[in-house]
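Note: the block below is upload_0.txt and it holds compact mmCIF, C-alpha atoms and all ligand atoms.
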# COMPACT_ATOMS: atom_id res chain seq x y z
CA MET Z 1320 4.16 -6.50 -23.59
CA ALA Z 1321 5.99 -9.70 -24.30
CA VAL Z 1322 3.57 -12.30 -22.91
CA PRO Z 1323 5.25 -13.85 -19.86
CA ALA Z 1324 5.95 -17.59 -19.72
CA LYS Z 1325 3.35 -17.81 -16.98
CA LEU Z 1326 0.31 -15.56 -16.79
CA THR Z 1327 -2.16 -16.48 -14.06
CA ILE Z 1328 -5.59 -14.94 -14.40
CA HIS Z 1329 -7.38 -15.28 -11.08
CA THR Z 1330 -10.82 -15.98 -12.49
CA ASP Z 1331 -13.94 -16.34 -10.37
CA PRO Z 1332 -17.60 -16.82 -11.23
CA ARG Z 1333 -18.25 -13.54 -9.38
CA SER Z 1334 -16.10 -11.71 -11.98
CA PRO Z 1335 -17.68 -13.08 -15.15
CA PHE Z 1336 -15.93 -10.48 -17.29
CA LEU Z 1337 -12.44 -11.57 -16.21
CA THR Z 1338 -11.80 -13.92 -19.10
CA GLU Z 1339 -8.61 -14.76 -20.93
CA ALA Z 1340 -10.05 -13.18 -24.09
CA TYR Z 1341 -10.72 -9.87 -22.31
CA VAL Z 1342 -7.34 -9.76 -20.56
CA MET Z 1343 -5.33 -10.77 -23.62
CA GLY Z 1344 -7.32 -8.36 -25.78
CA VAL Z 1345 -6.46 -5.46 -23.51
CA LEU Z 1346 -2.82 -6.47 -22.97
CA SER Z 1347 -2.13 -6.94 -26.66
CA SER Z 1348 -3.59 -3.56 -27.61
CA GLY Z 1349 -1.73 -0.27 -27.99
CA ASN Z 1350 -1.78 0.64 -24.29
CA ALA Z 1351 0.00 -2.50 -23.13
CA LEU Z 1352 2.90 -2.91 -20.76
CA SER Z 1353 6.55 -2.74 -21.55
CA GLY Z 1354 9.21 -4.95 -20.02
CA ALA Z 1355 9.81 -8.66 -19.87
CA TYR Z 1356 8.48 -10.75 -17.01
CA SER Z 1357 8.59 -14.50 -16.55
CA GLU Z 1358 5.51 -14.61 -14.38
CA LEU Z 1359 2.59 -12.25 -13.82
CA ASP Z 1360 -0.71 -12.43 -11.96
CA ILE Z 1361 -3.99 -10.80 -12.99
CA PHE Z 1362 -6.51 -9.86 -10.32
CA PRO Z 1363 -9.97 -8.35 -10.65
CA GLY Z 1364 -9.96 -4.65 -9.67
CA PHE Z 1365 -10.00 -4.26 -5.88
CA CYS Z 1366 -12.78 -2.43 -4.05
CA ASP Z 1367 -12.06 -0.28 -0.99
CA VAL Z 1368 -15.14 0.86 0.89
CA HIS Z 1369 -13.19 3.29 3.07
CA VAL Z 1370 -11.00 6.00 1.57
CA HIS Z 1371 -10.64 9.71 2.25
CA LEU Z 1372 -10.17 11.62 -1.00
CA ARG Z 1373 -10.39 15.01 0.76
CA GLU Z 1374 -12.30 16.91 -1.90
CA PRO Z 1375 -14.21 19.13 -1.63
CA GLY Z 1376 -12.59 21.09 1.15
CA PHE Z 1377 -9.12 19.74 1.85
CA SER Z 1378 -7.33 19.65 -1.49
CA TYR Z 1379 -4.02 20.49 0.21
CA LYS Z 1380 -4.11 16.95 1.64
CA GLU Z 1381 -5.34 15.05 -1.44
CA THR Z 1382 -7.48 15.62 -4.52
CA ILE Z 1383 -9.91 13.34 -6.29
CA GLY Z 1384 -7.32 13.24 -9.10
CA SER Z 1385 -4.27 12.38 -6.99
CA GLY Z 1386 -6.25 10.09 -4.70
CA THR Z 1387 -7.79 8.00 -7.46
CA ARG Z 1388 -4.48 7.74 -9.32
CA ALA Z 1389 -3.00 6.39 -6.08
CA CYS Z 1390 -5.91 3.94 -5.79
CA ALA Z 1391 -5.33 2.74 -9.35
CA ARG Z 1392 -1.69 2.18 -8.54
CA GLY Z 1393 -2.80 0.02 -5.64
CA GLY Z 1394 -4.83 -2.19 -7.99
CA TYR Z 1395 -8.23 -0.66 -7.16
CA THR Z 1396 -10.95 0.16 -9.66
CA THR Z 1397 -13.73 1.03 -7.19
CA VAL Z 1398 -13.52 3.10 -3.99
CA CYS Z 1399 -16.10 4.56 -1.62
CA ALA Z 1400 -15.26 8.08 -0.48
CA MET Z 1401 -15.85 9.10 3.14
CA PRO Z 1402 -17.89 12.23 3.89
CA ASN Z 1403 -15.72 14.20 6.34
CA LEU Z 1404 -15.43 16.96 3.75
CA ASN Z 1405 -16.34 20.62 3.38
CA PRO Z 1406 -19.19 20.86 2.64
CA VAL Z 1407 -20.16 17.60 4.30
CA PRO Z 1408 -22.38 15.68 1.86
CA ASP Z 1409 -25.44 15.84 4.11
CA SER Z 1410 -27.93 17.03 1.44
CA VAL Z 1411 -28.35 16.54 -2.29
CA GLU Z 1412 -26.97 20.02 -2.88
CA HIS Z 1413 -23.80 19.33 -0.86
CA LEU Z 1414 -23.40 15.83 -2.27
CA ASN Z 1415 -23.56 17.33 -5.76
CA VAL Z 1416 -20.47 19.42 -5.05
CA GLU Z 1417 -18.55 16.20 -4.44
CA LEU Z 1418 -20.19 14.37 -7.36
CA ASP Z 1419 -19.16 17.18 -9.73
CA ARG Z 1420 -15.53 16.81 -8.66
CA ILE Z 1421 -15.73 13.07 -9.06
CA ARG Z 1422 -17.18 13.41 -12.57
CA CYS Z 1423 -14.39 15.79 -13.59
CA ASP Z 1424 -11.34 14.28 -11.92
CA ALA Z 1425 -11.75 10.64 -10.91
CA CYS Z 1426 -9.95 8.03 -13.01
CA MET Z 1427 -12.07 5.22 -11.57
CA ARG Z 1428 -15.41 4.46 -10.00
CA VAL Z 1429 -15.77 6.63 -6.88
CA LEU Z 1430 -18.94 6.08 -4.89
CA PRO Z 1431 -19.54 8.75 -2.26
CA TYR Z 1432 -21.06 8.28 1.17
CA GLY Z 1433 -23.76 10.57 2.41
CA SER Z 1434 -23.33 11.59 6.03
CA ILE Z 1435 -25.68 10.29 8.71
CA SER Z 1436 -25.99 13.60 10.54
CA VAL Z 1437 -26.03 17.21 9.35
CA GLY Z 1438 -22.42 18.41 9.15
CA GLU Z 1439 -21.39 15.14 10.87
CA ALA Z 1440 -22.28 17.08 14.01
CA GLY Z 1441 -24.37 14.28 15.50
CA LYS Z 1442 -27.32 16.54 16.32
CA GLU Z 1443 -29.90 15.98 13.56
CA LEU Z 1444 -30.19 13.55 10.70
CA ALA Z 1445 -28.99 14.47 7.23
CA ASP Z 1446 -31.33 14.22 4.23
CA LEU Z 1447 -31.00 10.45 3.96
CA GLU Z 1448 -34.03 10.10 1.68
CA GLY Z 1449 -32.85 12.76 -0.76
CA MET Z 1450 -29.30 11.40 -0.94
CA ALA Z 1451 -30.23 7.71 -1.08
CA PRO Z 1452 -30.22 7.40 -4.91
CA TYR Z 1453 -26.72 8.91 -5.15
CA ALA Z 1454 -24.93 7.74 -1.98
CA VAL Z 1455 -23.41 4.28 -1.69
CA ALA Z 1456 -24.29 4.18 2.05
CA PHE Z 1457 -24.46 6.49 5.07
CA SER Z 1458 -21.61 7.18 7.47
CA ASP Z 1459 -20.31 9.85 9.85
CA ASP Z 1460 -16.80 8.46 9.52
CA GLY Z 1461 -14.17 10.44 11.35
CA LYS Z 1462 -16.60 10.91 14.21
CA GLY Z 1463 -18.61 8.55 16.35
CA LEU Z 1464 -22.34 9.20 16.51
CA GLN Z 1465 -22.80 9.69 20.25
CA ASP Z 1466 -26.60 9.91 20.53
CA PRO Z 1467 -28.23 6.44 20.60
CA GLY Z 1468 -31.63 7.96 19.80
CA LEU Z 1469 -30.26 9.52 16.62
CA MET Z 1470 -28.59 6.25 15.62
CA LEU Z 1471 -31.86 4.39 16.18
CA GLU Z 1472 -33.70 6.80 13.90
CA ALA Z 1473 -30.89 6.66 11.31
CA MET Z 1474 -31.11 2.87 11.27
CA ARG Z 1475 -34.89 2.92 10.89
CA ARG Z 1476 -34.65 5.28 7.94
CA ALA Z 1477 -31.70 3.49 6.34
CA LYS Z 1478 -33.59 0.21 6.64
CA ALA Z 1479 -36.62 1.72 4.87
CA LEU Z 1480 -34.30 3.00 2.12
CA GLY Z 1481 -32.47 -0.33 1.79
CA LYS Z 1482 -29.16 1.35 2.66
CA LEU Z 1483 -26.27 0.37 4.92
CA ILE Z 1484 -25.33 2.31 8.04
CA VAL Z 1485 -21.52 2.35 8.14
CA ALA Z 1486 -20.36 3.27 11.62
CA HIS Z 1487 -17.20 4.84 12.93
CA CYS Z 1488 -17.48 3.58 16.51
CA GLU Z 1489 -15.95 5.86 19.10
CA ASP Z 1490 -17.35 6.88 22.47
CA ASN Z 1491 -16.08 10.41 23.13
CA THR Z 1492 -16.60 10.14 26.88
CA LEU Z 1493 -13.94 7.41 27.05
CA LEU Z 1494 -11.26 9.16 25.00
CA LYS Z 1495 -9.79 11.35 27.74
CA GLY Z 1496 -7.38 13.10 25.40
CA GLY Z 1497 -5.82 9.84 24.20
CA TYR Z 1498 -4.10 9.59 20.85
CA ILE Z 1499 -2.37 6.17 20.73
CA HIS Z 1500 -3.35 2.76 22.10
CA ASP Z 1501 -3.75 2.65 25.84
CA GLY Z 1502 -1.05 0.03 26.38
CA GLU Z 1503 2.55 -0.56 27.34
CA TYR Z 1504 4.07 1.79 24.75
CA ALA Z 1505 1.88 4.68 25.93
CA ARG Z 1506 2.78 4.02 29.56
CA LEU Z 1507 6.51 3.71 28.88
CA HIS Z 1508 6.67 6.86 26.77
CA GLY Z 1509 4.25 9.03 28.71
CA HIS Z 1510 1.50 9.24 26.10
CA ALA Z 1511 -2.25 9.49 26.69
CA GLY Z 1512 -3.97 6.28 25.65
CA ILE Z 1513 -7.22 5.49 23.81
CA CYS Z 1514 -8.87 2.49 25.46
CA ALA Z 1515 -10.37 -0.35 23.43
CA GLU Z 1516 -13.68 0.17 25.21
CA SER Z 1517 -14.14 3.47 23.37
CA GLU Z 1518 -14.53 1.32 20.24
CA TRP Z 1519 -16.36 -1.78 21.45
CA ARG Z 1520 -18.94 -0.03 23.65
CA PRO Z 1521 -20.54 1.83 20.74
CA ILE Z 1522 -20.42 -1.35 18.65
CA GLN Z 1523 -22.27 -3.14 21.46
CA ARG Z 1524 -24.82 -0.31 21.59
CA ASP Z 1525 -25.33 -0.34 17.84
CA LEU Z 1526 -25.74 -4.11 17.70
CA HIS Z 1527 -28.73 -3.77 20.00
CA LEU Z 1528 -30.17 -1.09 17.71
CA CYS Z 1529 -29.42 -3.25 14.70
CA ALA Z 1530 -31.35 -6.15 16.28
CA LYS Z 1531 -34.23 -3.80 17.04
CA THR Z 1532 -34.47 -2.25 13.58
CA GLY Z 1533 -33.21 -5.01 11.28
CA CYS Z 1534 -30.98 -2.40 9.64
CA ALA Z 1535 -27.99 -3.57 7.60
CA TYR Z 1536 -25.04 -2.40 9.68
CA HIS Z 1537 -21.33 -2.25 8.86
CA VAL Z 1538 -18.57 -1.35 11.31
CA CYS Z 1539 -15.59 0.68 10.10
CA HIS Z 1540 -11.94 -0.10 10.85
CA ILE Z 1541 -12.18 -2.42 13.85
CA SER Z 1542 -8.94 -2.56 15.83
CA CYS Z 1543 -9.44 -4.66 18.98
CA LYS Z 1544 -10.23 -8.20 20.02
CA GLU Z 1545 -13.45 -7.28 21.83
CA SER Z 1546 -14.88 -5.85 18.61
CA VAL Z 1547 -14.08 -9.11 16.79
CA GLU Z 1548 -15.79 -11.11 19.54
CA LEU Z 1549 -18.90 -8.90 19.58
CA ILE Z 1550 -19.30 -9.10 15.83
CA ARG Z 1551 -18.68 -12.84 15.75
CA GLN Z 1552 -21.46 -13.31 18.32
CA ALA Z 1553 -23.81 -10.90 16.52
CA LYS Z 1554 -23.36 -12.86 13.30
CA ALA Z 1555 -24.08 -16.10 15.14
CA ASP Z 1556 -27.23 -14.43 16.48
CA GLY Z 1557 -28.29 -13.71 12.91
CA LEU Z 1558 -27.86 -9.92 12.84
CA ASP Z 1559 -27.27 -8.20 9.51
CA VAL Z 1560 -23.79 -7.03 10.45
CA THR Z 1561 -20.43 -6.87 8.68
CA CYS Z 1562 -17.13 -5.17 9.44
CA GLU Z 1563 -13.80 -4.16 8.01
CA THR Z 1564 -10.31 -3.81 9.32
CA ALA Z 1565 -7.20 -2.26 7.74
CA PRO Z 1566 -3.74 -3.63 6.89
CA HIS Z 1567 -2.02 -1.75 9.73
CA TYR Z 1568 -4.21 -3.43 12.36
CA LEU Z 1569 -3.51 -6.85 10.83
CA LEU Z 1570 0.24 -6.44 10.51
CA LEU Z 1571 1.40 -4.11 13.29
CA ASP Z 1572 1.00 -3.86 17.04
CA GLU Z 1573 2.08 -1.29 19.61
CA SER Z 1574 5.58 -2.78 19.80
CA CYS Z 1575 6.15 -1.31 16.30
CA LEU Z 1576 5.35 2.27 17.36
CA LYS Z 1577 7.85 5.08 16.96
CA GLU Z 1578 7.70 8.71 18.04
CA GLU Z 1579 6.50 9.82 14.61
CA GLY Z 1580 3.20 11.01 13.19
CA ARG Z 1581 3.20 8.27 10.58
CA PHE Z 1582 2.31 5.80 13.36
CA LYS Z 1583 -0.82 7.73 14.35
CA MET Z 1584 -4.31 6.88 13.14
CA ASN Z 1585 -7.75 6.47 14.64
CA PRO Z 1586 -8.43 3.90 15.94
CA PRO Z 1587 -4.82 3.32 16.98
CA ILE Z 1588 -2.59 0.32 16.33
CA ARG Z 1589 -3.28 -1.87 19.37
CA GLY Z 1590 -1.75 -4.82 21.24
CA LYS Z 1591 -0.49 -8.19 20.03
CA LYS Z 1592 -3.64 -10.05 21.16
CA ASP Z 1593 -5.79 -7.57 19.25
CA ARG Z 1594 -3.77 -8.03 16.09
CA GLU Z 1595 -3.99 -11.82 16.43
CA ALA Z 1596 -7.77 -11.69 16.97
CA LEU Z 1597 -8.18 -9.56 13.83
CA VAL Z 1598 -6.12 -11.99 11.75
CA GLU Z 1599 -8.17 -14.88 13.09
CA GLY Z 1600 -11.36 -12.95 12.31
CA LEU Z 1601 -10.16 -12.24 8.78
CA CYS Z 1602 -9.42 -15.93 8.25
CA ASP Z 1603 -12.76 -17.20 9.59
CA GLY Z 1604 -14.85 -14.49 7.91
CA THR Z 1605 -15.88 -12.57 11.04
CA VAL Z 1606 -13.93 -9.71 9.50
CA ASP Z 1607 -15.61 -9.50 6.13
CA MET Z 1608 -13.30 -7.19 4.27
CA VAL Z 1609 -10.10 -5.21 4.27
CA ALA Z 1610 -10.44 -1.48 3.77
CA THR Z 1611 -7.47 0.85 3.90
CA ASP Z 1612 -8.88 3.93 5.65
CA HIS Z 1613 -6.53 5.79 3.31
CA ALA Z 1614 -6.42 9.10 5.19
CA PRO Z 1615 -3.82 11.43 3.66
CA HIS Z 1616 -2.61 14.59 5.39
CA SER Z 1617 0.04 17.09 4.34
CA PRO Z 1618 3.67 16.23 5.14
CA GLU Z 1619 3.82 19.26 7.45
CA GLU Z 1620 0.77 18.11 9.41
CA LYS Z 1621 2.19 14.62 9.86
CA SER Z 1622 5.60 15.93 10.93
CA ARG Z 1623 4.31 16.97 14.37
CA GLY Z 1624 4.96 13.71 16.21
CA LEU Z 1625 2.58 11.29 17.87
CA LYS Z 1626 0.85 13.81 20.07
CA ASP Z 1627 0.27 16.67 17.66
CA SER Z 1628 -0.11 15.10 14.20
CA PRO Z 1629 -3.63 14.54 12.89
CA PHE Z 1630 -4.96 10.96 12.83
CA GLY Z 1631 -4.53 9.14 9.52
CA ILE Z 1632 -2.07 7.44 7.20
CA SER Z 1633 -1.73 6.85 3.49
CA GLY Z 1634 -2.54 3.21 2.72
CA ILE Z 1635 -4.03 2.66 -0.69
CA GLU Z 1636 -0.80 2.02 -2.62
CA THR Z 1637 0.57 -0.55 -0.19
CA ALA Z 1638 -2.43 -2.61 0.97
CA PHE Z 1639 -2.13 -5.56 -1.37
CA PRO Z 1640 1.68 -5.96 -1.29
CA LEU Z 1641 1.66 -5.76 2.52
CA LEU Z 1642 -1.11 -8.31 2.97
CA TYR Z 1643 0.20 -10.60 0.27
CA THR Z 1644 3.66 -10.53 1.86
CA GLY Z 1645 2.55 -10.64 5.48
CA LEU Z 1646 -0.41 -13.02 5.34
CA VAL Z 1647 -0.41 -14.95 2.06
CA ARG Z 1648 3.27 -15.76 1.52
CA THR Z 1649 3.54 -16.70 5.18
CA GLY Z 1650 0.76 -19.26 4.74
CA ILE Z 1651 -1.69 -17.57 7.13
CA LEU Z 1652 -4.32 -16.66 4.53
CA PRO Z 1653 -4.96 -18.26 1.12
CA LEU Z 1654 -4.65 -15.83 -1.77
CA SER Z 1655 -8.23 -16.59 -2.78
CA THR Z 1656 -9.43 -15.49 0.68
CA LEU Z 1657 -7.49 -12.25 0.42
CA LEU Z 1658 -9.12 -11.58 -2.95
CA ASP Z 1659 -12.47 -12.36 -1.41
CA ARG Z 1660 -11.86 -9.76 1.31
CA MET Z 1661 -10.54 -7.13 -1.13
CA VAL Z 1662 -12.93 -7.63 -4.04
CA TYR Z 1663 -15.98 -9.78 -3.62
CA THR Z 1664 -17.29 -9.24 -0.09
CA PRO Z 1665 -17.07 -5.44 -0.34
CA LEU Z 1666 -18.85 -5.41 -3.72
CA GLU Z 1667 -21.52 -7.79 -2.52
CA ARG Z 1668 -22.17 -6.18 0.85
CA PHE Z 1669 -22.34 -2.67 -0.58
CA GLY Z 1670 -24.47 -3.78 -3.53
CA ILE Z 1671 -21.90 -2.59 -6.06
CA PRO Z 1672 -22.01 -4.35 -9.43
CA ALA Z 1673 -18.76 -5.87 -10.70
CA VAL Z 1674 -17.39 -4.00 -13.72
CA PRO Z 1675 -14.68 -5.06 -16.17
CA GLY Z 1676 -11.30 -4.12 -14.79
CA PHE Z 1677 -8.12 -5.78 -13.61
CA SER Z 1678 -4.63 -5.21 -12.33
CA VAL Z 1679 -1.38 -6.83 -13.41
CA TRP Z 1680 1.08 -7.83 -10.69
CA ASP Z 1681 4.65 -8.99 -10.43
CA LEU Z 1682 4.60 -11.05 -7.24
CA GLN Z 1683 8.13 -12.44 -7.68
CA THR Z 1684 10.33 -9.40 -7.17
CA LEU Z 1685 11.20 -8.16 -3.70
CA THR Z 1686 10.94 -4.36 -3.46
CA HIS Z 1687 10.65 -1.93 -0.61
CA ILE Z 1688 8.01 0.64 0.22
CA ASP Z 1689 9.20 4.16 -0.46
CA SER Z 1690 6.63 6.80 0.44
CA LYS Z 1691 8.47 9.36 -1.71
CA ASP Z 1692 7.20 7.40 -4.72
CA PHE Z 1693 3.54 7.55 -3.67
CA LEU Z 1694 1.12 9.10 -6.12
CA SER Z 1695 -0.96 10.10 -3.11
CA MET Z 1696 -0.18 13.53 -1.70
CA GLY Z 1697 -0.18 11.86 1.72
CA LYS Z 1698 3.25 10.36 2.35
CA ALA Z 1699 2.83 9.16 5.93
CA THR Z 1700 2.99 5.39 6.34
CA PRO Z 1701 4.24 3.25 9.22
CA PHE Z 1702 5.47 0.78 6.58
CA ASP Z 1703 8.06 3.07 4.98
CA GLY Z 1704 11.16 1.09 4.04
CA GLN Z 1705 9.50 -2.29 4.56
CA GLU Z 1706 10.34 -5.05 2.09
CA VAL Z 1707 7.39 -6.46 0.18
CA TYR Z 1708 6.51 -8.72 -2.71
CA GLY Z 1709 3.95 -7.34 -5.11
CA THR Z 1710 4.38 -4.60 -7.68
CA CYS Z 1711 1.32 -3.41 -9.52
CA LEU Z 1712 2.48 -2.90 -13.10
CA ALA Z 1713 -0.81 -1.72 -14.56
CA THR Z 1714 -4.49 -1.33 -13.75
CA TYR Z 1715 -7.23 -1.27 -16.35
CA LEU Z 1716 -10.84 -0.19 -16.16
CA GLY Z 1717 -12.63 -1.57 -19.19
CA ASP Z 1718 -9.89 -1.26 -21.78
CA GLN Z 1719 -8.55 1.99 -20.42
CA ARG Z 1720 -5.24 1.95 -18.59
CA ILE Z 1721 -5.62 3.96 -15.38
CA TRP Z 1722 -2.19 3.10 -13.96
O1 LIG C 1 -7.08 7.98 11.20
C1 LIG C 1 -8.13 8.43 10.79
N1 LIG C 1 -8.14 9.43 9.89
N2 LIG C 1 -9.26 7.96 11.28
C2 LIG C 1 -10.44 8.54 11.02
O2 LIG C 1 -11.44 8.07 11.51
C3 LIG C 1 -10.51 9.74 10.17
C4 LIG C 1 -9.37 9.81 9.27
C5 LIG C 1 -9.21 11.15 8.61
O3 LIG C 1 -10.17 11.65 8.04
O4 LIG C 1 -8.10 11.68 8.60
Would you write out, as structure tokens, the structure that this file holds?
Amino acid sequence: MAVPAKLTIHTDPRSPFLTEAYVMGVLSSGNALSGAYSELDIFPGFCDVHVHLREPGFSYKETIGSGTRACARGGYTTVCAMPNLNPVPDSVEHLNVELDRIRCDACMRVLPYGSISVGEAGKELADLEGMAPYAVAFSDDGKGLQDPGLMLEAMRRAKALGKLIVAHCEDNTLLKGGYIHDGEYARLHGHAGICAESEWRPIQRDLHLCAKTGCAYHVCHISCKESVELIRQAKADGLDVTCETAPHYLLLDESCLKEEGRFKMNPPIRGKKDREALVEGLCDGTVDMVATDHAPHSPEEKSRGLKDSPFGISGIETAFPLLYTGLVRTGILPLSTLLDRMVYTPLERFGIPAVPGFSVWDLQTLTHIDSKDFLSMGKATPFDGQEVYGTCLATYLGDQRIW
């Protein structure tokens, strides 16, 4: 690569390896970039604690190979893989099936979750002790754990193991067949809505259990203002709680919805006030990190409209450009805070050591999102066609180019 006139390496004491010598050494070696750029930015590899890589069990939606290549293209070098798989990693034996795939096919660091309950069925606890050395944390993501007694016991055991409980918060009794936000769009178009209470009630329940047990507790993909408020208060009360939200909740609200499956995920895109509360929470640190909830499905599955498509969108290749364009360039969030939420807080909270790795970005050129170009097998995104700044030209792990 011809060295650009301006190369900004976003160094930080928390990424001690990200030095000019390391970056220039890698970029001037044989696997360097082609093309001439006047200005490039170097970021430490991002960390997403919430991706669905679909293997084992659902390789028609995504594979460890395609999923991690997509993650690398998004600037990530570390991702945590959710356990709604087949078999569900609820024992060492089942977790090993996933770990074998990761060893063979992943192009980056993939840290798997163990499930909280056997088969994510919410009836009995998985082998948390057995899985603890190999699982990054425990989660039943994709399903809410309904039984408070089981959650209490899970928290007690996770606390003893020094592991995080990572909760998908959803009260099934409040869902009532809903599939998009219970708001104006649903009413106008005759859709069944999912109320915000189905998310914040279980968070409220778990915060009590967290206070009781002292367990380290992390809430997945929060989508509504009440969740932000509950977590803000819990932090003020000194509880060991963190949370994540995703780019679509920060950048879209129900007024953006269309009658297409690519606008459907769980939890749903909510109202304007919810979106604003999430942005405020991200700015003030109540929302600790951005995760993508990258949840690929086959094009056929996502072609069935809002009502009949499965929940989930492809998000790993677009997260940084969307947030950089929507929050940083607009002056809402400093770039350093975005990096904090995409690199440092996730690594720190999940106890993941920083490893050498970085991505190279052109932040000057306006491009548009084209899902046909995705490396992910999941092509459904509500952001298709949107104009963004931020093209990831290369990602390196150590000195190996992974994108
Ligand atoms: O939209 C979602 N998709 N939300 C979830 O909780 C699960 C995920 C999936 O696995 O497809």
* Would you mind reading off the distance between atom CA of Thr1564 of chain Z and atom CA of Thr1492 of chain Z, one decimal, in Å? =>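 A separation of 23.3 Å between them.
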* Please provide as an NGL selection string all residues within 12 Å of Gln1719 of chain Z, with the sequence filter that same-chain residues fewer than 6 positions apart are discarded (counting only C-alpha atoms). => :Z and (1342 or 1344-1346 or 1348-1351 or 1391 or 1396 or 1426-1427 or 1675-1678 or 1713)
* Have a look at Z:Ser1378, Z:Ser1434, Z:Thr1656, Z:Thr1561 and name the one nearest to Asp1409 of chain Z; count all atoms listed in the file. => Z:Ser1434
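With only C-alpha atoms and all ligand atoms as the atoms that count, the minimum distance from ligand LIG 1 (chain C) to the choices Z:Ala1638, Z:Ile1541, Z:Ala1445, Z:Leu1646 is reached by Z:Ile1541.
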* To do: Write out as a VMD selection string the residues lying within 8 Å of Ala1515 of chain Z, counting only C-alpha atoms and excluding same-chain residues fewer than 6 positions away.
  => chain Z and resid 1500 to 1501 1543 1545
* **Best match for closeness to ligand LIG 1 (chain C) among Z:Asp1360, Z:Asp1718, Z:Glu1489, Z:Asp1424, counting all atoms listed in the file** => Z:Glu1489
* **Surroundings of ligand LIG 1 (chain C) up to 9 Å, based on only C-alpha atoms and all ligand atoms, as an NGL selection string** => :Z and (1370-1371 or 1373 or 1401-1404 or 1460-1463 or 1487 or 1539-1540 or 1583-1587 or 1612-1616 or 1629-1632)
* **Pick from Z:Ala1473, Z:Leu1464, Z:Ala1486, Z:Leu1652 nearest to Glu1448 of chain Z, counting all atoms listed in the file** =>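 The closest residue to Glu1448 of chain Z is Z:Ala1473.
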Per-residue nearest contacts segment 1620-1695 of chain Z to segment 1601-1606 of chain Z, cut-off 12 Å, using all atoms listed in the file, as JSON lines:
{"residue": "Z:Leu1642", "atom": "CA", "partner": "Z:Leu1601", "partner_atom": "CA", "distance": 11.5}
{"residue": "Z:Leu1646", "atom": "CA", "partner": "Z:Cys1602", "partner_atom": "CA", "distance": 9.9}
{"residue": "Z:Val1647", "atom": "CA", "partner": "Z:Cys1602", "partner_atom": "CA", "distance": 11.0}
{"residue": "Z:Gly1650", "atom": "CA", "partner": "Z:Cys1602", "partner_atom": "CA", "distance": 11.3}
{"residue": "Z:Ile1651", "atom": "CA", "partner": "Z:Cys1602", "partner_atom": "CA", "distance": 8.0}
{"residue": "Z:Leu1652", "atom": "CA", "partner": "Z:Cys1602", "partner_atom": "CA", "distance": 6.4}
{"residue": "Z:Pro1653", "atom": "CA", "partner": "Z:Cys1602", "partner_atom": "CA", "distance": 8.7}
{"residue": "Z:Leu1654", "atom": "CA", "partner": "Z:Cys1602", "partner_atom": "CA", "distance": 11.1}
{"residue": "Z:Ser1655", "atom": "CA", "partner": "Z:Cys1602", "partner_atom": "CA", "distance": 11.1}
{"residue": "Z:Thr1656", "atom": "CA", "partner": "Z:Cys1602", "partner_atom": "CA", "distance": 7.6}
{"residue": "Z:Leu1657", "atom": "CA", "partner": "Z:Leu1601", "partner_atom": "CA", "distance": 8.8}
{"residue": "Z:Leu1658", "atom": "CA", "partner": "Z:Leu1601", "partner_atom": "CA", "distance": 11.8}
{"residue": "Z:Asp1659", "atom": "CA", "partner": "Z:Gly1604", "partner_atom": "CA", "distance": 9.9}
{"residue": "Z:Arg1660", "atom": "CA", "partner": "Z:Leu1601", "partner_atom": "CA", "distance": 8.1}
{"residue": "Z:Met1661", "atom": "CA", "partner": "Z:Leu1601", "partner_atom": "CA", "distance": 11.2}
{"residue": "Z:Thr1664", "atom": "CA", "partner": "Z:Gly1604", "partner_atom": "CA", "distance": 9.9}
{"residue": "Z:Pro1665", "atom": "CA", "partner": "Z:Val1606", "partner_atom": "CA", "distance": 11.2}
* To do: Can you work out which one of Z:Ile1635, Z:Leu1549, Z:Val1598, Z:Leu1480 has the shortest atom-to-atom distance to Asp1367 of chain Z, counting only C-alpha atoms?
  =>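 Nearest candidate to Asp1367 of chain Z out of Z:Ile1635, Z:Leu1549, Z:Val1598, Z:Leu1480: Z:Ile1635.
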* Please, what distance in Å, to one decimal, runs between atom CA of Glu1620 of chain Z and atom CA of Leu1570 of chain Z? ->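 Between atom CA of Glu1620 of chain Z and atom CA of Leu1570 of chain Z the gap works out to 24.6 Å.
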Reconstructed segment 1703-1708 of chain Z, atom set N, CA and C atoms, as a PDB file, keeping the file's coordinate frame:
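Result written to result-v9.pdb:
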ATOM      1  N   ASP Z1703       6.982   2.545   5.832  1.00  0.00           N
ATOM      2  CA  ASP Z1703       8.060   3.070   4.980  1.00  0.00           C
ATOM      3  C   ASP Z1703       9.317   2.216   5.145  1.00  0.00           C
ATOM      4  N   GLY Z1704       9.914   1.859   4.014  1.00  0.00           N
ATOM      5  CA  GLY Z1704      11.160   1.090   4.040  1.00  0.00           C
ATOM      6  C   GLY Z1704      10.949  -0.408   4.123  1.00  0.00           C
ATOM      7  N   GLN Z1705       9.737  -0.843   4.399  1.00  0.00           N
ATOM      8  CA  GLN Z1705       9.500  -2.290   4.560  1.00  0.00           C
ATOM      9  C   GLN Z1705       9.629  -3.027   3.236  1.00  0.00           C
ATOM     10  N   GLU Z1706      10.197  -4.225   3.297  1.00  0.00           N
ATOM     11  CA  GLU Z1706      10.340  -5.050   2.090  1.00  0.00           C
ATOM     12  C   GLU Z1706       9.044  -5.802   1.810  1.00  0.00           C
ATOM     13  N   VAL Z1707       8.628  -5.773   0.571  1.00  0.00           N
ATOM     14  CA  VAL Z1707       7.390  -6.460   0.180  1.00  0.00           C
ATOM     15  C   VAL Z1707       7.535  -7.130  -1.182  1.00  0.00           C
ATOM     16  N   TYR Z1708       6.716  -8.148  -1.382  1.00  0.00           N
ATOM     17  CA  TYR Z1708       6.510  -8.720  -2.710  1.00  0.00           C
ATOM     18  C   TYR Z1708       5.204  -8.159  -3.235  1.00  0.00           C
TER      19      TYR Z1708
END
